[in-house]
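S.K.: Here it is, the structure, as structure tokens.
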6 protein chains.
Amino acid sequence: MPIVNITMLEGRTEDQKRAATQAITEALVQHCGAKPENVVITIVDVPTTNVYMNGMLVSDKRRNPS
Amino acid sequence: MPIVNITMLEGRTEDQKRAATQAITEALVQHCGAKPENVVITIVDVPTTNVYMNGMLVSDKRRNPS
Amino acid sequence: MPIVNITMLEGRTEDQKRAATQAITEALVQHCGAKPENVVITIVDVPTTNVYMNGMLVSDKRRNPS
Amino acid sequence: MPIVNITMLEGRTEDQKRAATQAITEALVQHCGAKPENVVITIVDVPTTNVYMNGMLVSDKRRNPS
Amino acid sequence: MPIVNITMLEGRTEDQKRAATQAITEALVQHCGAKPENVVITIVDVPTTNVYMNGMLVSDKRRNPS
Amino acid sequence: MPIVNITMLEGRTEDQKRAATQAITEALVQHCGAKPENVVITIVDVPTTNVYMNGMLVSDKRRNPS
């Protein structure tokens with residue numbers, strides 16, 4: 001505990017994921033009193049066609065960044 | 001808000017995902033008073049071997065549709 | 001299939017949830033070819049202290065709506 | 001009901017997934033009184049770079065199994 | 001790993017949850033080669049108004065069980 | 001994006017949740033290049049009876065901390 005599930009756009013590197021998960025663990029340890037060995041984080045990578053935010057698919061936003 | 005996560009069988013097109021996410025947003029705006037710009041939808045595509053429903057894997061159901 | 005999980009701010013009525021889930025099912029049937037009897041939707045209600053969006057907790061946003 | 005979502009390391013076979021989902025359904029029927037036809041299970045496969053547990057990414061753990 | 005998230009109707013006892021989580025762990029160990037100490041299971045209890053299945057809210061189904 | 005869902009033991013204060021979500025956002029901005037305004041975090045609080053980890057329910061672990 002806590003169990004963290006992150007859905008993010010595909011394309012991040014292993015180094016980015018390592019750094020992000022370590023920093024997130026530190027945040028939960030520091031601010032929520034979590035034990036580092038009990039923090040579990042999973043990342044699910046999704047394409048831009050699979051995220052709808054701010055009124056449109058991210059894939060559409062990327063094509064029409066206005 | 002609301003945050004919607006949809007797990008669905010892989011194979012839907014971007015057009016299908018665009019239309020579905022827009023219609024789902026309208027449903028949440030109309031029936032739950034959500035603000036359209038605050039609705040976030042993620043879609044996770046999974047193969048038929050990764051869904052168990054009505055007593056069997058969907059992949060088995062597809063092989064034996066009786 | 002599809003399986004839809006909605007995390008939303010607590011406070012919506014049963015009528016709102018009935019109308020929203022029916023409309024979401026219709027959206028998935030119409031746009032993704034889902035079978036109505038196979039659509040499963042779960043709703044998890046959370047308090048405003050449990051949602052962080054647009055740079056702040058929704059509970060803080062409600063206190064300082066500027 | 002219940003709705004079960006399993007995030008697991010990629011690489012399991014269809015046979016493994018069939019056996020696991022059937023056994024999980026039996027567990028929920030036997031211990032929680034679930035109806036077998038209402039149990040829905042989805043599996044999301046992730047690479048070792050996408051799981052952080054026991055203080056590190058599983059991909060790092062695999063490289064340094066000490 | 002695996003990480004299991006179960007959304008179920010509220011009302012199950014601690015004994016039921018203990019028995020179900022142990023049996024689910026055994027299923028994942030036996031059929032997927034998981035290590036028992038790495039299996040993590042979370043349960044989210046929801047009311048009948050928060051589950052839509054087989055074309056209706058479970059709360060409605062309970063009122064009209066025909 | 002990214003969308004973060006945290007399942008944690010109930011009992012954390014609003015201040016803890018504010019600090020943790022801000023730190024998690026900074027981690028995702030710094031290490032994954034996320035835009036702060038696009039990070040969405042939801043927290044689902046669960047009782048100790050609803051988490052199974054390291055071979056037992058957390059509620060049992062709390063009763064027998066050996």
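Chains: A, B, ... in order of the structure tokens. Residues: from 1 per chain. Ligands: from 1, in order shown.
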Counting only C-alpha atoms, what is within 9 Å of Lys17 of chain B, bar same-chain residues fewer than 6 positions away, as an MDAnalysis selection string?

M.R.: (chainID A and resid 49:50 52 57) or (chainID B and resid 43) or (chainID C and resid 31:32)

S.K.: Here's a check: after a least-squares fit over all in-order C-alpha atoms, write chain B in the frame of chain D, as a PDB file with C-alpha atoms, in the first residue's frame.

M.R.:
```
ATOM      1  CA  MET B   1     -20.217  -8.859 -10.169  1.00  0.00           C
ATOM      2  CA  PRO B   2     -17.599  -9.072  -8.949  1.00  0.00           C
ATOM      3  CA  ILE B   3     -15.492  -7.329 -11.581  1.00  0.00           C
ATOM      4  CA  VAL B   4     -11.846  -8.374 -11.389  1.00  0.00           C
ATOM      5  CA  ASN B   5      -9.028  -6.525 -13.133  1.00  0.00           C
ATOM      6  CA  ILE B   6      -5.635  -8.202 -13.094  1.00  0.00           C
ATOM      7  CA  THR B   7      -2.447  -6.385 -14.109  1.00  0.00           C
ATOM      8  CA  MET B   8       0.253  -8.972 -14.723  1.00  0.00           C
ATOM      9  CA  LEU B   9       3.622  -9.329 -16.405  1.00  0.00           C
ATOM     10  CA  GLU B  10       3.257 -10.174 -20.081  1.00  0.00           C
ATOM     11  CA  GLY B  11       4.157 -13.686 -21.210  1.00  0.00           C
ATOM     12  CA  ARG B  12       1.456 -15.922 -19.712  1.00  0.00           C
ATOM     13  CA  THR B  13      -0.182 -18.340 -22.163  1.00  0.00           C
ATOM     14  CA  GLU B  14      -3.870 -18.581 -23.008  1.00  0.00           C
ATOM     15  CA  ASP B  15      -3.993 -21.891 -21.128  1.00  0.00           C
ATOM     16  CA  GLN B  16      -2.579 -20.235 -18.007  1.00  0.00           C
ATOM     17  CA  LYS B  17      -5.105 -17.406 -18.292  1.00  0.00           C
ATOM     18  CA  ARG B  18      -7.992 -19.851 -18.803  1.00  0.00           C
ATOM     19  CA  ALA B  19      -7.025 -21.908 -15.754  1.00  0.00           C
ATOM     20  CA  ALA B  20      -6.406 -18.843 -13.558  1.00  0.00           C
ATOM     21  CA  THR B  21      -9.682 -17.094 -14.467  1.00  0.00           C
ATOM     22  CA  GLN B  22     -11.690 -20.268 -13.874  1.00  0.00           C
ATOM     23  CA  ALA B  23     -10.036 -20.820 -10.490  1.00  0.00           C
ATOM     24  CA  ILE B  24     -10.579 -17.173  -9.512  1.00  0.00           C
ATOM     25  CA  THR B  25     -14.246 -17.463 -10.456  1.00  0.00           C
ATOM     26  CA  GLU B  26     -14.588 -20.589  -8.302  1.00  0.00           C
ATOM     27  CA  ALA B  27     -12.941 -18.735  -5.418  1.00  0.00           C
ATOM     28  CA  LEU B  28     -15.437 -15.865  -5.706  1.00  0.00           C
ATOM     29  CA  VAL B  29     -18.392 -18.248  -6.044  1.00  0.00           C
ATOM     30  CA  GLN B  30     -17.321 -20.386  -3.098  1.00  0.00           C
ATOM     31  CA  HIS B  31     -16.213 -17.659  -0.707  1.00  0.00           C
ATOM     32  CA  CYS B  32     -18.261 -14.602  -1.709  1.00  0.00           C
ATOM     33  CA  GLY B  33     -21.450 -16.202  -3.042  1.00  0.00           C
ATOM     34  CA  ALA B  34     -20.926 -14.710  -6.488  1.00  0.00           C
ATOM     35  CA  LYS B  35     -22.899 -16.163  -9.420  1.00  0.00           C
ATOM     36  CA  PRO B  36     -20.419 -17.655 -11.922  1.00  0.00           C
ATOM     37  CA  GLU B  37     -22.148 -16.040 -14.898  1.00  0.00           C
ATOM     38  CA  ASN B  38     -21.773 -12.598 -13.269  1.00  0.00           C
ATOM     39  CA  VAL B  39     -18.012 -12.780 -12.667  1.00  0.00           C
ATOM     40  CA  VAL B  40     -16.082 -10.652 -15.159  1.00  0.00           C
ATOM     41  CA  ILE B  41     -12.289 -10.757 -15.286  1.00  0.00           C
ATOM     42  CA  THR B  42      -9.994  -8.642 -17.443  1.00  0.00           C
ATOM     43  CA  ILE B  43      -6.234  -9.067 -17.684  1.00  0.00           C
ATOM     44  CA  VAL B  44      -3.866  -6.271 -18.689  1.00  0.00           C
ATOM     45  CA  ASP B  45      -0.408  -7.491 -19.654  1.00  0.00           C
ATOM     46  CA  VAL B  46       2.485  -5.135 -18.917  1.00  0.00           C
ATOM     47  CA  PRO B  47       6.248  -5.343 -19.534  1.00  0.00           C
ATOM     48  CA  THR B  48       8.715  -5.572 -16.629  1.00  0.00           C
ATOM     49  CA  THR B  49       9.613  -1.895 -17.152  1.00  0.00           C
ATOM     50  CA  ASN B  50       6.051  -0.985 -16.149  1.00  0.00           C
ATOM     51  CA  VAL B  51       5.949  -2.497 -12.675  1.00  0.00           C
ATOM     52  CA  TYR B  52       7.611  -1.002  -9.603  1.00  0.00           C
ATOM     53  CA  MET B  53       7.592  -3.268  -6.533  1.00  0.00           C
ATOM     54  CA  ASN B  54       9.812  -3.829  -3.488  1.00  0.00           C
ATOM     55  CA  GLY B  55      11.667  -0.610  -4.199  1.00  0.00           C
ATOM     56  CA  MET B  56      12.564  -1.077  -7.863  1.00  0.00           C
ATOM     57  CA  LEU B  57      11.342  -1.695 -11.398  1.00  0.00           C
ATOM     58  CA  VAL B  58      10.887  -5.422 -12.046  1.00  0.00           C
ATOM     59  CA  SER B  59      13.108  -4.980 -15.125  1.00  0.00           C
ATOM     60  CA  ASP B  60      15.968  -3.845 -12.852  1.00  0.00           C
ATOM     61  CA  LYS B  61      15.262  -6.667 -10.429  1.00  0.00           C
ATOM     62  CA  ARG B  62      15.537  -9.172 -13.317  1.00  0.00           C
ATOM     63  CA  ARG B  63      18.943  -7.717 -14.285  1.00  0.00           C
ATOM     64  CA  ASN B  64      20.231  -7.802 -10.702  1.00  0.00           C
ATOM     65  CA  PRO B  65      18.428 -10.660  -9.026  1.00  0.00           C
ATOM     66  CA  SER B  66      20.632 -10.527  -5.868  1.00  0.00           C
TER      67      SER B  66
END
```

S.K.: Run DSSP on the backbone of this structure and report the residues of chain C it assigns to helix (DSSP H, G or I), as a PyMOL selection string.

M.R.: chain C and resi 14-32+36-38+48-50+58-63
